[in-house]
Amino acid sequence: MKFAIIEFPGSNCDHDAYHAVRHVLGQQADFIWHKDTDLRGADTVVLPGGFSYGDYLRTGAIASFSPVMDKVREFAAAGGPVIGICNGFQILLEAGLLDGALLRNRRLKFLCQDVHVRVEATDTPFTASAELGQVLKLPIAHREGNYHVVPERLADLEANRQVIFRYCDSAGLTSDSVNPNGSVGSIAGICNLRRNVVGLMPHPERACESLLGSDDGRVVFESAVAALVA
Amino acid sequence: MFVTLKPSVFDPQGQTILDALSSLGYESVRDVRQGKFFELDVVADSAQEAMTISTEIADKLLANTVIEGYRVEVDPKRGEGD
Amino acid sequence: MFVTLKPSVFDPQGQTILDALSSLGYESVRDVRQGKFFELDVVADSAQEAMTISTEIADKLLANTVIEGYRVEVDPKRGEGD
Amino acid sequence: MSINQAVIETHGLTSAEYRRLLDILGREPTITELGIFSVMWSEHCSYKSSRLHLRRLPTEGPRVVQGPGENAGAVDIGDGLIAVFKIESHNHPSFIEPYQGAATGIGGIIRDIFTMGARPIALLNSLRFGELGDSRTGATTRRVVDGVVDGIAGYGNSIGIPTVGGEVAFESSYSGNPLVNVFCLGVAHAERLAKGLASGEGNPVYYVGAKTGRDGIHGATMASAEFDEHSGDNRPAVQVGDPFMEKLLLEACLEVMQTDALVGIQDMGAAGLTCSTCEMGARGNSGIEIDVSLVPQREAGMTPYEIMLSESQERMLLVAKKGREAEVEQIFAKWDLHAVRIGRVTGDGVLRVREGGKVMAEIPNRELADGAPLYSRPIKRPEGLDDLRRLDLAKLSPPVNLTEAWLTLLAAPVIASKRWVYRQYDHMVRTNTVIRPGCGASVVRVKGTDSALALSVDGNGRYCYLDPREGGRLAVAEAARNVACAGALPIGATNCLNFGNPERPETMWQFSEAVDGIAEACRTLEIPITGGNVSLYNETDGQSIYPTPVLGVVGLIKDATRALAGVFPEEGLEIVLLGDPSGALDGSEYLKTAHGSVQGCPAPVDLDRERALQSLLVEAASNRLLRSAHDCAEGGFAVALAECCIEGEGGGASVELPSTVGPHDGFGLVRLLFGEAPTRVLVSVPATERPRLLEMADAVSLPALVVGKTGGERIRIAVDGDVVADVRLEEAGNSWVTGFTRHFESVPWEQ
Ligand SMILES: Nc1ncnc2c1ncn2[C@@H]1O[C@H](COP(=O)(O)OP(=O)(O)O)[C@@H](O)[C@H]1O
Ligand SMILES: [Mg+2]
């Protein structure tokens, strides 16, 4: 099982994702530089968090034009599992691989804290090993995490069960007061229609070891491994 | 080149400024929306061409048309000095 | 209301966008500077008054005059529709 | 331009300094040379007022790999690794433009660390502002706080180095001169330590990073002159940080350092190209010759003077090995950076600046770098200090309701939770943060080893104002104690000395006393100082800040899984108070919050006992005896107890203290609850481990008192059987958690 971790200039959770899959899960992992045009036989692609191109212009905007993104598109079109975390999610949206956009958090400030998210679907390569309704404690760290789609598209997303993670409290209940950034429908993560491309704002790679406060994030990567073996 | 959030999209920055203004006593301000603008220095043979290039750039890169609208203005005089 | 970095102040955002444009093949773009703009809906008796209020707001709140300059434009027609 | 008296004065050189310059050159300087001398000999770069004093700080120890003198210090942390760390001030720029001032401060300290070949893994910040509640300056303070925190977040988050801790305090003395001290720590392989030196005649000198603009020209001299109402004139000198560029530089430089193609490297910080060329040459006993026309420039028509003095951010100077140029250039190109050869190393010990064929400056390096005059400035103990140090409680009345006083204190901006601040900082990126900000020291693990490092920055300007020597000792003791509470052995320290105008003898007295205090404490606690920073002229319109030394202490935990949190982790634990139960109200937060008074003699620290306490904590933590440890600092015992409950998972607590004998002034209980004193730590232990803990304390004659148990929905303090303060955990939590935001948001926007 081999993960490709794409590095854009300004990515800064690339090493964290690498550490999680390589050292915590014991899987193979390769860094792929954004100018590369070869995913080197990877089974799963990870677009890590960070501030690609400084988040200048708009988060993820410039990175979505990187040469490697053509390969990621091909890989996704062939059904390969792709996950975008935080800035990686923003890049997937800018690249048109997922629907919607991320606005500035409703209270404007950057937020770094733990949140709870509820798993809304287990038929994706990144949630297959989780249980439906399972509550995960994961960190967030972003200023532009306020997910937005127009109401008609939101209805589509819901109807197609494309919402994969929702902000909730520790008991799994959603409410405005536990929605950290104002995302429509408390959406923390979504997938594409084909369900192989997933994007989320929380950082599962930061929650893979209990020493760091939570290992709830492991299930995301373990799912990817299991999905491939299956 | 002017890029603004579409009217249907909530603008938290504009709202915050509005709140600040009202707490400063500027009651006459009814609404604030924040946008970005870009000054591009484009070498082109005609204003027409500059417009085409700029519009393409705005559409492709500078605006995210999912949430933003844009408007392009060309100031051809600028170039003449060069 | 337009807020831009003063010309002598480094604009890393503009520089990065410029680099991105050139790697996308837009060689004809020579310079990019990014600024903010604000649309304020001001209730005022005259364009003059709106101008005064807006300028005051720009100076006090919207522009950081240490590194930014600003320009205010008033569009009186806007209000008529209300 | 001809060099007359006025020109010399605007360059901040005294006539004696100018004569020295003439001696060194043996002729009149060119204007470029004058500019170069003026920045190199500014207080900021030359430490001319402080250096004689700094020599008294202990800088050696078995773990010290790099002491003061390089871009940062370094200590051995085992496994073939070293911890590289330093603290820096960015006070003046942060007042002029809070966001960019703080942001570029972060950029600067990060460069200091990776310049040494270390991968930066943690940032801390120590902040001092005016009072939010001040009707005259509160609104400005709010804007400055907001901008500074935003700037630190903006830069640190973007570059991906976690800001894991810090401190924030408010005192009116900082209202016109806030303090922004930033600390960075990195980890390097011991054999890869890079140095800022130039050697090897003919080796190429490279410039890499952002282009040079007219930013911050005279920045270094600005940081060395006090503010007055004309400071606005300096404003265009504000620099804008570019964290994205710095991220590229960081990765590219670390990659270049993996090769052995590099001779030396230094960032262009204060005094930019001038300082880096001259210092690298001086350290390597060589000269450097550069051609300014080759320097990448952002603006047209820049003069050699401007290019040499520019403080544009995110630039590095490198000396590579001859013949390895292509290798170096390629690595930078991979990161979209263009390394430009601007000169070469020479053997003549001269800094030579050319513009094309023309020589614009030619100065012997060593004299320029190390030849600044050192001043033994006059020292005088301030008059009125004795009055200040006399605390007369008879004029004050004790609180009627101790519970209310407790809640008020918990909500005071200095004490209340700083969540509003650290939530804006990404404190988890790099997945090393074992103990997050919230309570006490922060802990980051060192990947690839079993170990972790605990970090704390501390200082209390109020104590130093009342007694600078004791204040210096207390700052060291507190920072080290915080680290020890996390179960870490303190192994090294850095310090940032923020003081007023050194030309005032009273300031120099404070400075000298504080240095002696720090030196004493570091000696007894065996913590070497490996570097630091001095920031003088912190005064506005003649009003000086409190003398504020800030200590950053690094501690080592051999087994990261034994790092101790500062809060009660579960119900049913026994709470033990190590150290004396009572504290003093002198200089305390209680006295200031309740009575607006800053007076008295802060409780002194017994350094031997402090050392015993810290050793005990480290040993008990490594034996897994303790479940938590929290020192009693500002706000005393009652505040520490509340914090342990609120931030923890152990519910409330019920404790009982014995009354202590003291003056019968009606403040006995207040001293017991809110009095401040060093060497006091509140720990929680499982009942089974209590006897061992008490034995250990007894063996070193450290008082240890079992005061109560964790659990329940209330926090209750009884004295001799009578409940004296009692509050619902939730209510106490509400005061503490929302206190900061409530104060902050109640300040009107600036008019
Ligand atoms: N400016 C800041 N940046 C990050 N964390 C901060 C800052 N100020 C305070 N904190 C965090 O809040 C907690 C409380 O700080 P403080 O009251 O100074 O306690 P102590 O001195 O006991 O560590 C600490 O964990 C500290 O790291
Ligand atoms: Mg402290």
# chains A, B, ... in the order shown; residues from 1 in each chain; ligands from 1

call {"tool": "interface_residues", "arguments": {"of": "chain C", "to": "chain B", "cutoff": "10 Å", "atoms": "only C-alpha atoms", "output": "PyMOL selection string"}}
result
chain C and resi 1-4+14+17-18+20-21+24+26-44+50+53-54+57+61-62

call {"tool": "interface_residues", "arguments": {"of": "chain A", "to": "chain D", "cutoff": "9 Å", "atoms": "only C-alpha atoms", "output": "MDAnalysis selection string"}}
result
chainID A and resid 9:16 19 50:56 109:113 139:143 205:207 211:213

call {"tool": "interface_residues", "arguments": {"of": "chain B", "to": "chain A", "cutoff": "8 Å", "atoms": "only C-alpha atoms", "output": "ChimeraX atom specification"}}
result
/B:12-13,61-62,64,66-67

call {"tool": "select_by_dssp", "arguments": {"residues": "stretch 1-227 of chain A", "states": "strand (DSSP E or B)", "output": "MDAnalysis selection string"}}
result
chainID A and resid 2:7 11 28:33 44:47 50 82:85 101:103 111:119 135:142 146:148 163:168 187:191 197:200 209 214

call {"tool": "residues_near_ligand", "arguments": {"ligand": "ligand 1", "cutoff": "9 Å", "atoms": "only C-alpha atoms and all ligand atoms", "output": "count of residues only"}}
result
49

call {"tool": "atom_distance", "arguments": {"atom1": "atom CA of D:Leu391", "atom2": "atom CA of D:Asp586"}}
result
6.7 Å

call {"tool": "select_by_dssp", "arguments": {"residues": "stretch 91-183 of chain A", "states": "alpha helix (DSSP H)", "output": "list in words"}}
result
Ile91, Leu92, Leu93, Glu94, Pro151, Glu152, Arg153, Leu154, Ala155, Asp156, Leu157, Glu158 and Ala159 of chain A

call {"tool": "interface_residues", "arguments": {"of": "chain D", "to": "chain C", "cutoff": "12 Å", "atoms": "only C-alpha atoms", "output": "PyMOL selection string"}}
result
chain D and resi 93-101+143+147+210-216+231-246+297-300+302+311-314+336-337+749-751

call {"tool": "atom_distance", "arguments": {"atom1": "atom CA of D:Cys184", "atom2": "atom CA of D:Arg63"}}
result
18.8 Å

call {"tool": "closest_residue", "arguments": {"among": "A:Ile164, A:Ala226, A:Val115, A:Val197", "to": "A:Asn179", "atoms": "only C-alpha atoms"}}
result
A:Val115

call {"tool": "atom_distance", "arguments": {"atom1": "atom CA of A:Leu47", "atom2": "atom CA of A:Tyr18"}}
result
11.0 Å

call {"tool": "residues_around", "arguments": {"residues": "stretch 352-364 of chain D", "least_positions_apart": "5", "cutoff": "9 Å", "atoms": "only C-alpha atoms", "output": "ChimeraX atom specification"}}
result
/D:24-25,29-33,36,278,282,287-294,304-305,308,369

call {"tool": "write_last_selection", "arguments": {"atoms": "all heavy atoms", "output": "compact mmCIF listing (two decimals), in the first residue's frame"}}
result
# COMPACT_ATOMS: atom_id res chain seq x y z
N ILE D 24 39.98 54.41 12.54
CA ILE D 24 39.95 53.09 11.88
C ILE D 24 40.20 53.22 10.39
O ILE D 24 40.99 52.49 9.81
CB ILE D 24 38.60 52.39 12.14
CG1 ILE D 24 38.50 51.99 13.62
CG2 ILE D 24 38.42 51.17 11.25
CD1 ILE D 24 37.15 51.46 14.03
N LEU D 25 39.55 54.21 9.78
CA LEU D 25 39.67 54.36 8.33
C LEU D 25 40.96 55.10 7.95
O LEU D 25 41.48 54.92 6.85
CB LEU D 25 38.48 55.12 7.76
CG LEU D 25 37.14 54.39 7.74
CD1 LEU D 25 36.08 55.28 7.11
CD2 LEU D 25 37.25 53.08 6.97
N PRO D 29 35.09 59.19 5.96
CA PRO D 29 34.28 58.12 5.36
C PRO D 29 33.48 58.62 4.16
O PRO D 29 33.20 59.82 4.07
CB PRO D 29 33.32 57.74 6.49
CG PRO D 29 33.17 59.01 7.28
CD PRO D 29 34.48 59.74 7.18
N THR D 30 33.11 57.73 3.29
CA THR D 30 32.10 58.06 2.29
C THR D 30 30.75 57.97 2.99
O THR D 30 30.65 57.43 4.10
CB THR D 30 32.09 57.03 1.14
OG1 THR D 30 31.71 55.76 1.69
CG2 THR D 30 33.46 56.92 0.48
N ILE D 31 29.71 58.44 2.33
CA ILE D 31 28.40 58.39 2.98
C ILE D 31 27.97 56.93 3.19
O ILE D 31 27.36 56.59 4.21
CB ILE D 31 27.34 59.21 2.19
CG1 ILE D 31 26.01 59.25 2.94
CG2 ILE D 31 27.14 58.66 0.79
CD1 ILE D 31 26.05 60.07 4.19
N THR D 32 28.32 56.09 2.26
CA THR D 32 27.99 54.66 2.43
C THR D 32 28.70 54.11 3.66
O THR D 32 28.11 53.38 4.46
CB THR D 32 28.41 53.86 1.18
OG1 THR D 32 27.82 54.48 0.04
CG2 THR D 32 27.96 52.42 1.26
N GLU D 33 29.94 54.46 3.80
CA GLU D 33 30.69 53.98 4.97
C GLU D 33 30.10 54.52 6.27
O GLU D 33 29.99 53.80 7.27
CB GLU D 33 32.16 54.38 4.85
CG GLU D 33 32.90 53.54 3.79
CD GLU D 33 34.29 54.06 3.46
OE1 GLU D 33 34.54 55.28 3.68
OE2 GLU D 33 35.11 53.27 3.00
N ILE D 36 27.13 52.51 7.08
CA ILE D 36 27.50 51.18 7.56
C ILE D 36 27.95 51.24 9.02
O ILE D 36 27.50 50.45 9.86
CB ILE D 36 28.62 50.60 6.66
CG1 ILE D 36 28.03 50.25 5.28
CG2 ILE D 36 29.27 49.39 7.30
CD1 ILE D 36 29.05 49.78 4.26
N CYS D 278 29.64 41.86 7.16
CA CYS D 278 30.70 42.23 8.08
C CYS D 278 30.89 41.18 9.17
O CYS D 278 32.01 40.78 9.48
CB CYS D 278 30.41 43.63 8.58
SG CYS D 278 30.83 43.96 10.24
N ALA D 282 34.14 38.83 9.78
CA ALA D 282 34.87 38.95 11.04
C ALA D 282 34.99 37.58 11.73
O ALA D 282 36.05 37.22 12.23
CB ALA D 282 34.18 39.95 11.96
N GLY D 287 37.86 38.68 4.60
CA GLY D 287 37.15 39.83 4.09
C GLY D 287 36.07 39.35 3.14
O GLY D 287 36.05 38.20 2.73
N ILE D 288 35.14 40.26 2.84
CA ILE D 288 34.12 39.95 1.84
C ILE D 288 34.05 41.13 0.88
O ILE D 288 34.07 42.29 1.31
CB ILE D 288 32.75 39.70 2.49
CG1 ILE D 288 32.70 38.30 3.12
CG2 ILE D 288 31.63 39.84 1.46
CD1 ILE D 288 31.33 37.87 3.59
N GLU D 289 33.99 40.80 -0.38
CA GLU D 289 33.83 41.85 -1.37
C GLU D 289 32.55 41.60 -2.12
O GLU D 289 32.33 40.50 -2.62
CB GLU D 289 35.02 41.82 -2.33
CG GLU D 289 34.91 42.85 -3.41
CD GLU D 289 36.16 42.89 -4.29
OE1 GLU D 289 37.25 43.09 -3.75
OE2 GLU D 289 36.02 42.68 -5.50
N ILE D 290 31.68 42.60 -2.17
CA ILE D 290 30.44 42.41 -2.92
C ILE D 290 30.23 43.58 -3.89
O ILE D 290 30.78 44.67 -3.70
CB ILE D 290 29.20 42.30 -2.01
CG1 ILE D 290 29.04 43.57 -1.18
CG2 ILE D 290 29.27 41.08 -1.13
CD1 ILE D 290 27.68 43.67 -0.52
N ASP D 291 29.42 43.31 -4.90
CA ASP D 291 29.07 44.35 -5.86
C ASP D 291 27.57 44.60 -5.73
O ASP D 291 26.76 43.74 -6.07
CB ASP D 291 29.41 43.87 -7.28
CG ASP D 291 29.05 44.92 -8.33
OD1 ASP D 291 28.37 45.92 -7.98
OD2 ASP D 291 29.43 44.72 -9.49
N VAL D 292 27.21 45.76 -5.20
CA VAL D 292 25.78 46.01 -4.94
C VAL D 292 24.95 46.05 -6.21
O VAL D 292 23.74 45.83 -6.17
CB VAL D 292 25.54 47.33 -4.15
CG1 VAL D 292 26.01 47.18 -2.73
CG2 VAL D 292 26.17 48.52 -4.83
N SER D 293 25.59 46.29 -7.34
CA SER D 293 24.77 46.33 -8.56
C SER D 293 24.27 44.94 -8.92
O SER D 293 23.36 44.79 -9.73
CB SER D 293 25.55 46.95 -9.72
OG SER D 293 26.67 46.15 -10.02
N LEU D 294 24.85 43.91 -8.31
CA LEU D 294 24.37 42.54 -8.57
C LEU D 294 23.22 42.14 -7.64
O LEU D 294 22.57 41.13 -7.83
CB LEU D 294 25.52 41.54 -8.40
CG LEU D 294 26.72 41.75 -9.34
CD1 LEU D 294 27.84 40.78 -8.98
CD2 LEU D 294 26.30 41.56 -10.79
N PRO D 304 24.01 52.62 -3.30
CA PRO D 304 24.74 51.63 -2.50
C PRO D 304 24.43 51.78 -1.01
O PRO D 304 24.29 50.79 -0.29
CB PRO D 304 26.21 51.96 -2.77
CG PRO D 304 26.20 52.64 -4.09
CD PRO D 304 24.90 53.37 -4.19
N TYR D 305 24.28 53.01 -0.58
CA TYR D 305 23.93 53.28 0.82
C TYR D 305 22.62 52.58 1.17
O TYR D 305 22.52 51.86 2.16
CB TYR D 305 23.81 54.79 1.00
CG TYR D 305 23.35 55.27 2.35
CD1 TYR D 305 24.28 55.69 3.31
CD2 TYR D 305 21.99 55.36 2.68
CE1 TYR D 305 23.86 56.17 4.55
CE2 TYR D 305 21.57 55.82 3.91
CZ TYR D 305 22.51 56.22 4.85
OH TYR D 305 22.09 56.69 6.06
N MET D 308 22.89 48.71 1.12
CA MET D 308 23.63 48.16 2.26
C MET D 308 22.81 48.24 3.55
O MET D 308 22.96 47.44 4.44
CB MET D 308 24.96 48.89 2.45
CG MET D 308 26.00 48.58 1.39
SD MET D 308 26.32 46.81 1.18
CE MET D 308 27.19 46.41 2.70
N ALA D 369 33.01 45.19 13.15
CA ALA D 369 32.13 44.25 13.86
C ALA D 369 32.34 44.34 15.37
O ALA D 369 31.38 44.38 16.13
CB ALA D 369 32.39 42.83 13.38
